[in-house]
Every structure is written in C-alpha cells, then in structure tokens.
>>> print(open('my_file_10.txt').read())   # compact mmCIF, C-alpha atoms
# COMPACT_ATOMS: atom_id res chain seq x y z
CA MET A 6 -8.69 -6.93 -46.44
CA ASN A 7 -7.76 -10.22 -44.78
CA TYR A 8 -5.43 -11.28 -42.05
CA GLU A 9 -2.47 -11.50 -44.42
CA THR A 10 -2.79 -7.91 -45.60
CA ASP A 11 -4.03 -6.19 -42.46
CA GLU A 12 -1.60 -3.57 -41.15
CA LEU A 13 -1.87 -1.05 -38.37
CA SER A 14 -2.18 2.57 -39.47
CA SER A 15 0.46 4.98 -38.22
CA ASN A 16 -2.08 6.43 -35.75
CA GLU A 17 -2.84 2.97 -34.42
CA ARG A 18 0.85 2.14 -34.09
CA GLN A 19 1.43 5.35 -32.17
CA ALA A 20 -1.54 4.66 -29.92
CA PHE A 21 -0.28 1.18 -29.05
CA ALA A 22 3.27 2.47 -28.57
CA ALA A 23 1.97 5.05 -26.11
CA LEU A 24 0.46 2.42 -23.82
CA PRO A 25 2.57 1.81 -20.70
CA THR A 26 4.59 -1.41 -20.71
CA GLU A 27 6.10 -0.81 -17.29
CA MET A 28 4.18 -0.15 -14.12
CA ALA A 29 5.04 -0.48 -10.45
CA PRO A 30 3.07 -3.35 -8.95
CA PRO A 31 1.42 -2.73 -5.57
CA ALA A 32 3.94 -3.03 -2.74
CA PHE A 33 1.95 -5.67 -0.86
CA LEU A 34 2.23 -8.07 -3.78
CA GLU A 35 5.99 -8.52 -3.35
CA ASP A 36 5.62 -9.46 0.30
CA ARG A 37 2.71 -11.73 -0.53
CA VAL A 38 4.79 -13.60 -3.11
CA VAL A 39 7.81 -13.82 -0.80
CA ASN A 40 5.69 -15.15 2.05
CA GLN A 41 4.09 -17.72 -0.22
CA LEU A 42 7.52 -18.85 -1.42
CA LYS A 43 8.73 -19.11 2.16
CA HIS A 44 5.64 -21.00 3.16
CA SER A 45 6.17 -23.52 0.37
CA GLY A 46 9.86 -23.83 1.21
CA VAL A 47 11.16 -22.40 -2.07
CA ILE A 48 12.81 -19.53 -0.22
CA ARG A 49 14.82 -20.60 2.78
CA THR A 50 14.02 -18.74 5.92
CA MET A 51 17.31 -17.64 7.41
CA ARG A 52 16.56 -18.71 10.92
CA LYS A 53 20.12 -18.18 12.08
CA ASN A 54 19.89 -14.50 11.24
CA TRP A 55 16.67 -13.64 12.89
CA LEU A 56 15.41 -16.44 14.95
CA PRO A 57 16.89 -16.66 18.34
CA GLY A 58 19.46 -19.23 19.13
CA TYR A 59 19.32 -20.63 22.57
CA GLY A 60 19.88 -17.23 24.16
CA GLN A 61 17.13 -15.45 22.29
CA LEU A 62 14.69 -18.29 22.75
CA ALA A 63 15.37 -18.08 26.45
CA ALA A 64 14.84 -14.32 26.29
CA GLY A 65 11.52 -14.84 24.55
CA PHE A 66 10.54 -17.33 27.22
CA ALA A 67 11.63 -14.94 29.92
CA ILE A 68 9.62 -12.10 28.41
CA ALA A 69 6.60 -14.37 28.14
CA LEU A 70 6.96 -15.29 31.78
CA VAL A 71 7.37 -11.69 32.80
CA LEU A 72 4.31 -10.69 30.84
CA PHE A 73 2.41 -13.55 32.43
CA VAL A 74 3.50 -12.35 35.87
CA VAL A 75 2.46 -8.84 34.94
CA GLY A 76 -0.83 -10.13 33.67
CA VAL A 77 -1.52 -11.95 36.90
CA PHE A 78 -0.35 -9.01 38.95
CA VAL A 79 -2.53 -6.44 37.28
CA GLY A 80 -5.29 -8.87 36.45
CA SER A 81 -7.61 -7.31 38.95
CA LYS A 82 -7.39 -4.02 37.08
CA TRP A 83 -7.44 -5.43 33.58
CA ASN A 84 -10.68 -6.30 31.90
CA THR A 85 -11.76 -7.70 28.58
CA LYS A 86 -13.23 -4.58 27.05
CA ALA A 87 -12.23 -4.11 23.42
CA ALA A 88 -10.70 -0.70 24.11
CA PRO A 89 -7.77 -0.21 26.50
CA PRO A 90 -8.72 1.19 29.90
CA GLU A 91 -9.36 4.90 29.79
CA GLU A 92 -6.47 5.67 32.08
CA ALA A 93 -4.04 4.12 29.59
CA GLY A 94 -2.22 6.93 27.83
CA PHE A 95 0.67 5.12 26.19
CA ILE A 96 1.55 1.71 24.87
CA LEU A 97 5.08 0.47 25.44
CA ILE A 98 6.03 -1.96 22.72
CA VAL A 99 8.71 -4.54 23.48
CA ARG A 100 10.73 -5.12 20.35
CA ASN A 101 12.43 -8.43 19.70
CA GLU A 102 14.82 -7.59 16.91
CA SER A 103 17.98 -7.60 19.02
CA ALA A 104 20.03 -10.74 18.54
CA GLU A 105 22.09 -10.16 21.64
CA SER A 106 19.46 -9.45 24.24
CA GLY A 107 18.77 -12.98 25.42
CA PRO A 108 20.21 -14.71 28.45
CA LYS A 109 23.09 -17.04 27.70
CA THR A 110 22.65 -19.64 30.42
CA PRO A 111 19.71 -21.13 32.38
CA GLN A 112 20.95 -19.33 35.51
CA GLU A 113 21.00 -16.03 33.65
CA GLU A 114 17.51 -16.79 32.38
CA LEU A 115 16.20 -17.28 35.92
CA GLU A 116 17.80 -14.05 37.02
CA ARG A 117 16.24 -12.30 34.07
CA VAL A 118 12.79 -13.63 35.00
CA LYS A 119 13.23 -12.34 38.56
CA GLU A 120 14.45 -9.01 37.29
CA TYR A 121 11.57 -8.46 34.82
CA GLY A 122 9.04 -9.67 37.40
CA SER A 123 10.42 -7.35 40.04
CA TRP A 124 10.25 -4.45 37.59
CA ALA A 125 6.63 -5.22 36.69
CA ARG A 126 5.56 -5.64 40.32
CA ASP A 127 7.26 -2.44 41.28
CA LEU A 128 5.57 -0.51 38.47
CA GLY A 129 2.19 -2.08 39.18
CA GLY A 130 2.50 -1.24 42.89
CA LYS A 131 3.06 2.40 41.99
CA GLY A 132 0.08 2.45 39.65
CA MET A 133 2.33 2.93 36.64
CA LEU A 134 1.41 -0.24 34.75
CA LEU A 135 -2.10 -1.23 33.67
CA GLY A 136 -1.54 -4.47 31.78
CA GLY A 137 0.42 -6.24 29.13
CA GLU A 138 0.52 -9.25 26.86
CA LYS A 139 2.98 -11.22 24.82
CA LEU A 140 2.09 -11.51 21.10
CA LYS A 141 2.44 -14.68 19.04
CA ASP A 142 4.99 -14.81 16.24
CA GLU A 143 2.48 -14.89 13.39
CA SER A 144 0.02 -12.40 11.98
CA ARG A 145 -2.73 -12.18 9.37
CA VAL A 146 -2.34 -9.39 6.87
CA LEU A 147 -5.31 -8.01 4.99
CA GLY A 148 -5.02 -5.45 2.17
CA PRO A 149 -7.87 -3.37 0.77
CA LYS A 150 -8.62 -5.77 -2.07
CA GLU A 151 -6.95 -8.98 -1.02
CA GLU A 152 -7.72 -12.07 0.95
CA ALA A 153 -6.03 -12.26 4.32
CA TYR A 154 -2.70 -14.05 4.31
CA THR A 155 -0.39 -15.32 6.97
CA LYS A 156 2.77 -13.39 7.66
CA PRO A 157 5.44 -14.69 10.02
CA VAL A 158 6.67 -12.01 12.36
CA GLU A 159 10.42 -11.61 12.03
CA GLY A 160 11.46 -9.30 14.82
CA GLY A 161 9.33 -6.32 15.65
CA MET A 162 6.56 -6.25 18.22
CA GLY A 163 6.88 -9.11 20.68
CA GLY A 164 4.66 -7.77 23.42
CA TYR A 165 3.21 -4.60 24.92
CA PHE A 166 2.51 -2.85 28.21
CA LEU A 167 -0.17 -0.25 28.84
CA LEU A 168 1.03 2.75 30.80
CA PRO A 169 -1.17 5.33 32.53
CA ALA A 170 1.28 8.10 31.64
CA THR A 171 -0.16 11.37 30.38
CA SER A 172 2.91 12.70 28.55
CA TYR A 173 5.88 11.38 26.64
CA ASP A 174 8.13 12.56 29.47
CA GLN A 175 6.24 10.41 31.96
CA ALA A 176 6.13 7.46 29.59
CA LEU A 177 9.82 7.76 28.75
CA ALA A 178 10.67 7.86 32.42
CA ILE A 179 8.92 4.50 32.85
CA ALA A 180 10.34 3.08 29.62
CA ARG A 181 13.91 3.93 30.66
CA THR A 182 13.54 1.62 33.64
CA CYS A 183 12.54 -1.37 31.49
CA PRO A 184 15.18 -4.10 31.97
CA HIS A 185 14.82 -5.11 28.32
CA LEU A 186 16.94 -2.05 27.42
CA LYS A 187 19.99 -2.89 29.43
CA HIS A 188 20.04 -6.37 27.89
CA GLY A 189 20.33 -4.95 24.39
CA GLY A 190 16.65 -4.91 23.45
CA SER A 191 14.62 -1.86 22.51
CA VAL A 192 11.20 -0.55 23.38
CA GLU A 193 8.91 1.82 21.52
CA LEU A 194 6.36 4.23 22.95
CA ARG A 195 3.16 5.19 21.15
CA GLN A 196 0.57 7.55 22.56
CA ILE A 197 -3.01 6.31 22.43
CA ASP A 198 -5.05 8.71 20.31
CA ARG A 199 -8.58 8.99 21.62
CA PHE A 200 -11.13 11.00 19.71
CA MET B 215 43.60 -18.00 -29.17
CA PRO B 216 41.80 -19.48 -26.17
CA SER B 217 38.07 -19.65 -26.46
CA GLN B 218 36.25 -17.35 -24.10
CA LYS B 219 32.96 -18.19 -22.48
CA PRO B 220 30.43 -15.40 -22.94
CA LEU B 221 29.90 -13.33 -19.84
CA PRO B 222 26.70 -14.17 -17.99
CA THR B 223 23.88 -11.69 -18.38
CA ASP B 224 22.44 -9.81 -15.44
CA ASP B 225 19.55 -12.25 -15.48
CA GLN B 226 21.87 -15.25 -15.41
CA ARG B 227 23.81 -13.78 -12.50
CA LEU B 228 20.61 -13.12 -10.56
CA VAL B 229 19.19 -16.55 -11.29
CA ASN B 230 22.45 -18.29 -10.35
CA LYS B 231 22.58 -16.31 -7.15
CA PHE B 232 19.02 -17.25 -6.28
CA LEU B 233 19.55 -20.93 -7.10
CA SER B 234 22.70 -21.09 -5.00
CA THR B 235 21.33 -19.23 -1.99
CA ARG B 236 17.55 -19.63 -2.17
CA ASN B 237 17.36 -16.59 0.03
CA GLU B 238 14.82 -13.81 0.18
CA HIS B 239 17.15 -11.04 -0.92
CA SER B 240 18.16 -12.71 -4.18
CA PHE B 241 14.53 -13.47 -4.98
CA ARG B 242 13.49 -9.89 -4.35
CA GLN B 243 16.18 -8.75 -6.81
CA LEU B 244 14.74 -11.00 -9.49
CA TYR B 245 11.20 -9.96 -8.64
CA ARG B 246 12.00 -6.23 -8.79
CA ARG B 247 13.83 -6.59 -12.09
CA HIS B 248 10.97 -8.25 -13.96
CA THR B 249 7.65 -7.61 -12.26
CA PRO B 250 7.25 -3.94 -13.31
CA ASN B 251 7.26 -5.08 -16.96
CA LEU B 252 5.07 -8.09 -16.35
CA TYR B 253 2.47 -6.24 -14.27
CA PRO B 254 0.83 -4.21 -17.09
CA LEU B 255 0.92 -7.31 -19.27
CA ALA B 256 -0.85 -9.32 -16.56
CA LEU B 257 -3.46 -6.60 -16.16
CA ARG B 258 -4.17 -6.50 -19.89
CA LEU B 259 -4.31 -10.26 -20.26
CA ALA B 260 -6.67 -10.43 -17.29
CA GLY B 261 -8.98 -7.86 -18.86
CA GLY B 262 -8.13 -5.20 -16.27
CA SER B 263 -8.90 -7.35 -13.22
CA GLU B 264 -6.32 -6.44 -10.58
CA THR B 265 -7.21 -9.44 -8.44
CA ASP B 266 -6.69 -11.88 -11.30
CA ALA B 267 -3.48 -10.11 -12.32
CA HIS B 268 -2.09 -10.30 -8.76
CA ASP B 269 -3.05 -13.96 -8.42
CA ALA B 270 -1.50 -14.77 -11.79
CA LEU B 271 1.76 -12.96 -10.99
CA GLN B 272 2.04 -14.72 -7.65
CA GLU B 273 1.43 -18.11 -9.24
CA MET B 274 3.88 -17.26 -12.03
CA TRP B 275 6.69 -16.60 -9.56
CA ILE B 276 5.94 -19.76 -7.61
CA ARG B 277 6.01 -21.90 -10.74
CA ALA B 278 9.06 -20.10 -12.12
CA CYS B 279 11.05 -20.53 -8.91
CA ASN B 280 10.21 -24.21 -8.85
CA LYS B 281 11.38 -24.66 -12.45
CA LEU B 282 14.27 -22.19 -12.63
CA HIS B 283 16.90 -24.89 -12.21
CA ARG B 284 15.63 -26.50 -15.43
CA PHE B 285 15.56 -23.27 -17.46
CA GLU B 286 17.98 -23.70 -20.35
CA TRP B 287 18.26 -20.06 -21.50
CA LYS B 288 17.02 -20.87 -25.01
CA SER B 289 14.89 -17.74 -24.70
CA SER B 290 15.27 -14.67 -22.54
CA LEU B 291 14.15 -14.98 -18.95
CA ARG B 292 11.48 -12.34 -19.64
CA THR B 293 10.01 -14.40 -22.49
CA TRP B 294 10.06 -17.54 -20.35
CA LEU B 295 8.30 -15.74 -17.50
CA THR B 296 5.78 -14.32 -19.97
CA GLY B 297 4.90 -17.82 -21.14
CA ILE B 298 4.28 -18.94 -17.57
CA LEU B 299 2.31 -15.78 -16.83
CA ILE B 300 0.01 -16.33 -19.80
CA ASN B 301 -0.85 -19.82 -18.57
CA CYS B 302 -1.48 -18.51 -15.07
CA VAL B 303 -3.75 -15.74 -16.34
CA ARG B 304 -5.69 -18.16 -18.50
CA GLU B 305 -6.22 -20.37 -15.47
CA ALA B 306 -7.01 -17.49 -13.13
CA THR B 307 -9.35 -15.66 -15.44
CA ARG B 308 -12.73 -17.18 -14.92
CA GLU B 309 -14.21 -15.60 -18.02
CA PHE B 310 -11.73 -17.60 -20.03
CA GLN B 311 -13.63 -20.71 -19.09
CA LYS B 312 -16.99 -19.24 -19.94
CA ARG B 313 -16.60 -17.33 -23.18
CA ARG B 314 -15.81 -18.72 -26.60
CA GLU B 315 -12.62 -17.25 -27.89
CA ASP B 316 -13.72 -17.09 -31.48
CA GLU B 317 -17.05 -15.48 -30.73
CA LEU B 318 -17.42 -12.04 -32.23
CA PRO B 319 -19.31 -9.39 -30.28
CA GLU B 320 -22.61 -8.44 -31.90
CA GLU B 321 -21.42 -4.92 -32.60
CA TYR B 322 -18.68 -6.15 -34.91
CA GLU B 323 -19.28 -4.56 -38.30
CA GLY B 324 -16.08 -5.21 -40.16
CA ALA B 325 -13.63 -2.65 -41.52
CA GLY B 326 -14.75 0.88 -42.23
CA VAL B 327 -13.53 4.44 -41.88
CA GLN B 328 -10.45 4.69 -39.67
CA PRO B 329 -11.75 5.77 -36.28
CA SER B 330 -10.13 8.52 -34.25
CA LEU B 331 -7.94 7.51 -31.31
CA THR B 332 -7.92 10.94 -29.71
CA GLY B 333 -9.15 10.91 -26.14
CA ILE B 334 -10.01 7.21 -26.20
CA ASP B 335 -9.01 4.93 -23.33
CA LEU B 336 -7.45 2.24 -25.47
CA ASP B 337 -6.68 -0.06 -22.56
CA GLN B 338 -10.29 0.05 -21.47
CA LEU B 339 -11.43 -0.98 -24.95
CA ILE B 340 -8.84 -3.76 -25.12
CA SER B 341 -10.13 -5.11 -21.80
CA ARG B 342 -13.55 -5.56 -23.44
CA LEU B 343 -12.21 -7.81 -26.18
CA PRO B 344 -12.90 -11.54 -25.95
CA PRO B 345 -9.98 -13.17 -24.07
CA GLY B 346 -8.43 -14.90 -27.08
CA TYR B 347 -8.43 -11.71 -29.15
CA ARG B 348 -7.20 -9.67 -26.22
CA HIS B 349 -4.29 -12.02 -25.57
CA VAL B 350 -3.08 -12.12 -29.16
CA LEU B 351 -3.48 -8.38 -29.72
CA THR B 352 -1.70 -7.55 -26.43
CA LEU B 353 1.18 -9.89 -27.13
CA HIS B 354 1.60 -8.79 -30.77
CA ASP B 355 0.68 -5.12 -30.99
CA ILE B 356 1.76 -3.99 -27.51
CA GLU B 357 4.45 -6.44 -26.39
CA GLY B 358 5.89 -6.99 -29.87
CA TYR B 359 6.01 -10.80 -29.94
CA THR B 360 5.94 -12.60 -33.30
CA HIS B 361 3.11 -14.90 -34.35
CA GLU B 362 5.48 -17.85 -33.94
CA GLU B 363 6.23 -16.85 -30.34
CA ILE B 364 2.55 -16.22 -29.63
CA GLY B 365 1.70 -19.60 -31.12
CA ALA B 366 4.16 -21.23 -28.72
CA PHE B 367 2.76 -19.28 -25.77
CA LEU B 368 -0.86 -20.11 -26.52
CA ASN B 369 -0.34 -23.55 -28.00
CA ILE B 370 -1.81 -22.53 -31.35
CA ASN B 371 -0.19 -22.29 -34.77
CA ALA B 372 1.10 -19.02 -36.21
CA GLY B 373 -1.71 -18.87 -38.77
CA THR B 374 -4.33 -19.03 -36.03
CA SER B 375 -2.51 -16.25 -34.21
CA LYS B 376 -2.60 -14.08 -37.36
CA ASN B 377 -6.28 -14.81 -37.84
CA GLN B 378 -7.08 -13.96 -34.21
CA LEU B 379 -5.11 -10.75 -34.48
CA PHE B 380 -6.95 -9.72 -37.64
CA HIS B 381 -10.34 -10.20 -35.94
CA ALA B 382 -9.13 -8.58 -32.72
CA ARG B 383 -8.13 -5.46 -34.62
CA GLN B 384 -11.41 -5.38 -36.50
CA VAL B 385 -13.40 -5.61 -33.29
CA LEU B 386 -11.24 -2.96 -31.65
CA ARG B 387 -11.67 -0.62 -34.62
CA SER B 388 -15.41 -1.15 -34.45
CA MET B 389 -15.37 -0.24 -30.76
CA LEU B 390 -13.24 2.81 -31.50
CA ARG B 391 -15.65 3.92 -34.18
CA GLU B 392 -18.54 3.70 -31.73
CA GLU B 393 -16.58 5.57 -29.09
CA SER B 394 -15.65 8.28 -31.59
CA LEU B 395 -19.28 8.70 -32.63
CA ALA B 396 -20.39 8.88 -29.03
CA LYS B 397 -17.99 11.74 -28.26
>>> encode(input="my_file_10.txt", output="structure tokens")
Amino acid sequence: MNYETDELSSNERQAFAALPTEMAPPAFLEDRVVNQLKHSGVIRTMRKNWLPGYGQLAAGFAIALVLFVVGVFVGSKWNTKAAPPEEAGFILIVRNESAESGPKTPQEELERVKEYGSWARDLGGKGMLLGGEKLKDESRVLGPKEEAYTKPVEGGMGGYFLLPATSYDQALAIARTCPHLKHGGSVELRQIDRF
Amino acid sequence: MPSQKPLPTDDQRLVNKFLSTRNEHSFRQLYRRHTPNLYPLALRLAGGSETDAHDALQEMWIRACNKLHRFEWKSSLRTWLTGILINCVREATREFQKRREDELPEEYEGAGVQPSLTGIDLDQLISRLPPGYRHVLTLHDIEGYTHEEIGAFLNINAGTSKNQLFHARQVLRSMLREESLAK
C-alpha cells in the first residue's frame, strides 16, 4: 500500500465522522477578542452611546467629589485593613449606566455636589455610612487558565459605599435616600457574606 | 431579460455590515457564526492545547478583521478564516518549532491488522501525532478539505499533502493497534 492507494476503512470513516466539528468556545474568549479589537482600534468604541457627554462627565466628576467628601468625612473611621470593617453589613453600589443622570450645566453640577455631600455628611453623622470610594473606569480580568487582560468598564459599578445596616430593610431605607436615584441613576445593594 | 446580481450570502451581509459600521455588535455576529466550527479545528491543530487554540483564534480574528476589506470572496469565508487560523496555530504552537514534521515516532510499524476503534479516544490519539501529520489528517479526514486546498493552506504541493496523510494514517493505525492491545 502507498499513498496513492491508501483508503480509509468504513470503520475509520465512521470514527472520523463521529468526531465533533462544532463546539461552543469558552464565553470569555469572545470578550477577550472584542476587547483586543477595540484596543487596537479595529472595532470602534461607541462613545456616544455609553460614554457620558458633558452632562454625564459632570455627573462622574460630581460623584467623585462626593465620594472624596465622604472619604474625608468618614476617614477617621475608615482604615486600610483588607477586609471591610466588621460593622459593615451591606455594600451600596453606585451604577453609572444611566445616560440621563448627569447635571446639564455647571450650576447644576455645583448643586449636585452640595446635595451629594450633604447626603453623605448626614448619613455619616447618624452612623449610617462607614466609607466609600470611586472606582476607575478600567479593570483587569483574569480567567482560570488565561493571562490577565484589560477590560474597559462600560457602565456598571462606578463607586461604592459601606453601610452598617444589618438587614435589607435597613439598607434599602438608606439606599432610597441616595440622591443618585432621583437624578436617574441606580444603586445596587449586596449583603456582605461573612463566614 | 435584465441581468440579476446574485443575492449576497449571509456571510457577505455580515461582513458588509461589519465593514460599514465597525461596531461591536456586527463583529459579535460574525464571531458567533464561525467560531463554534473553528474552535474544535483549532484545538485539534494545536494538539489539544486550549491555551494555544484560544491564542490562535484571537489572533485569527484580529488578522481577519484587518484584512476583511481585501477579501475577494474567491473562497468561502470559512475557508479563508481556516487558512488564517492554520497560520496562527503554526505560529502559536511551540512544538511546531521544535519537532520535525516528517519524523516518524519510534512505535511506527507500518500497516497491519485493522485495529479496533471501539472505546478509543480518537482525538487524544490525533493530538499525539507530529504536527505536520496532525494538520493534514485533521484537514483532510475530519474537515474534508482536498489535497489541493490543504497544499494552499500549508504552502506545500498536493503530492506532499497526500504523502503526509498516508504516513499520518499509518502512525494513527499503529497507535490504535497499541491501544486496542492494551485494552
């Protein structure tokens, strides 16, 4: 037998035909490819759709300022331990996906800063706020078998506050007072799960 | 009778949409249409290495997107992507640099009694073939490409592809025979 006369037997043909020729790739791969294409400029990032125009940028700035004020205000209680303080029962996540939640003018922006600051001071004074931080708009994603890669944050978690609440009812009562809500933004509550 | 232009295929519509918008949604449509078929091929070409297969698929899409505007539709989009994928796997697979393609494993004993395929992990055996054999056998016996197409993919002539396939099958049969005896 040589390479001109070699043929697969029927069993061999069946065995090859039974091998899968379609298989779902891991979900993370699609995002990894998309992010790489965005990073290299092959895919256009639709900034108009998700990135804030003037209003949203101003809102982001306002939130950052508020969080800074909160940070200064509760700084004496906050420390640099890796774990949140033990009295923290819930995390309130400020979500940035709303396109309409930002102030429209510089004057409105200043008023927003005062409003958020007043809210934070009030909560801190009542012992209902333990700390908070703004998060940067970029993350590193690491899968179980992959190298870490950079992922731009498009919407989602823009900052967080730590609340000493002990139940969802208490936490929701605080969250409902957050001025971010009445400006069209949303907040999310997650209970800290301590073993 | 007025001449009618042929209707564009689904692939042509998706590619045109991507080229005109360059947006994420249109790329994801293309990705989801073709990657499920290319993923097992990438895994086999890469000898079962998921990391190499992922890297090769990512690089394939990057190269393809950069060259899509020059694609002339002389082959199907799937065949064109397969050609790019093969190059990416060959570059990503480190063993490709280290092992001689025409080197036969020591256990190769030539043709003999037809081994049994029952209960054998054929993919696992294929992954143990030398890269050159593995590529030709995967493309011909599993993916169904002709020796002329394989020659174009691998930059070899059709006769070399036939020769590689013959040896690949012989080595695989030898492995199968050993596996059958061991069971």
>>> closest_residue(input="my_file_10.txt", among="A:Gln41, A:Gln175, A:Gln112, A:Gln196", to="chain B", atoms="only C-alpha atoms")
A:Gln41
>>> interface_residues(input="my_file_10.txt", of="chain B", to="chain A", cutoff="7 Å", atoms="all atoms listed in the file", output="PyMOL selection string")
chain B and resi 236-238+250-251+253-254+268+272+276+355-356+376-377+380
>>> atom_distance(input="my_file_10.txt", atom1="atom CA of A:Ile96", atom2="atom CA of A:Leu194")
5.8 Å
>>> residues_around(input="my_file_10.txt", residues="B:Gly373", least_positions_apart="4", cutoff="9 Å", atoms="only C-alpha atoms", output="PDB file with C-alpha atoms, in the frame of the given file")
ATOM      1  CA  HIS B 361       3.110 -14.900 -34.350  1.00  0.00           C
ATOM      2  CA  GLU B 362       5.480 -17.850 -33.940  1.00  0.00           C
ATOM      3  CA  GLY B 365       1.700 -19.600 -31.120  1.00  0.00           C
ATOM      4  CA  ASN B 377      -6.280 -14.810 -37.840  1.00  0.00           C
ATOM      5  CA  GLN B 378      -7.080 -13.960 -34.210  1.00  0.00           C
TER       6      GLN B 378
END
>>> atom_distance(input="my_file_10.txt", atom1="atom CA of A:Gly129", atom2="atom CA of A:Ile179")
11.3 Å
>>> closest_residue(input="my_file_10.txt", among="B:Ala260, B:Ile364, B:Leu291, B:Leu271", to="B:Arg342", atoms="all atoms listed in the file")
B:Ala260
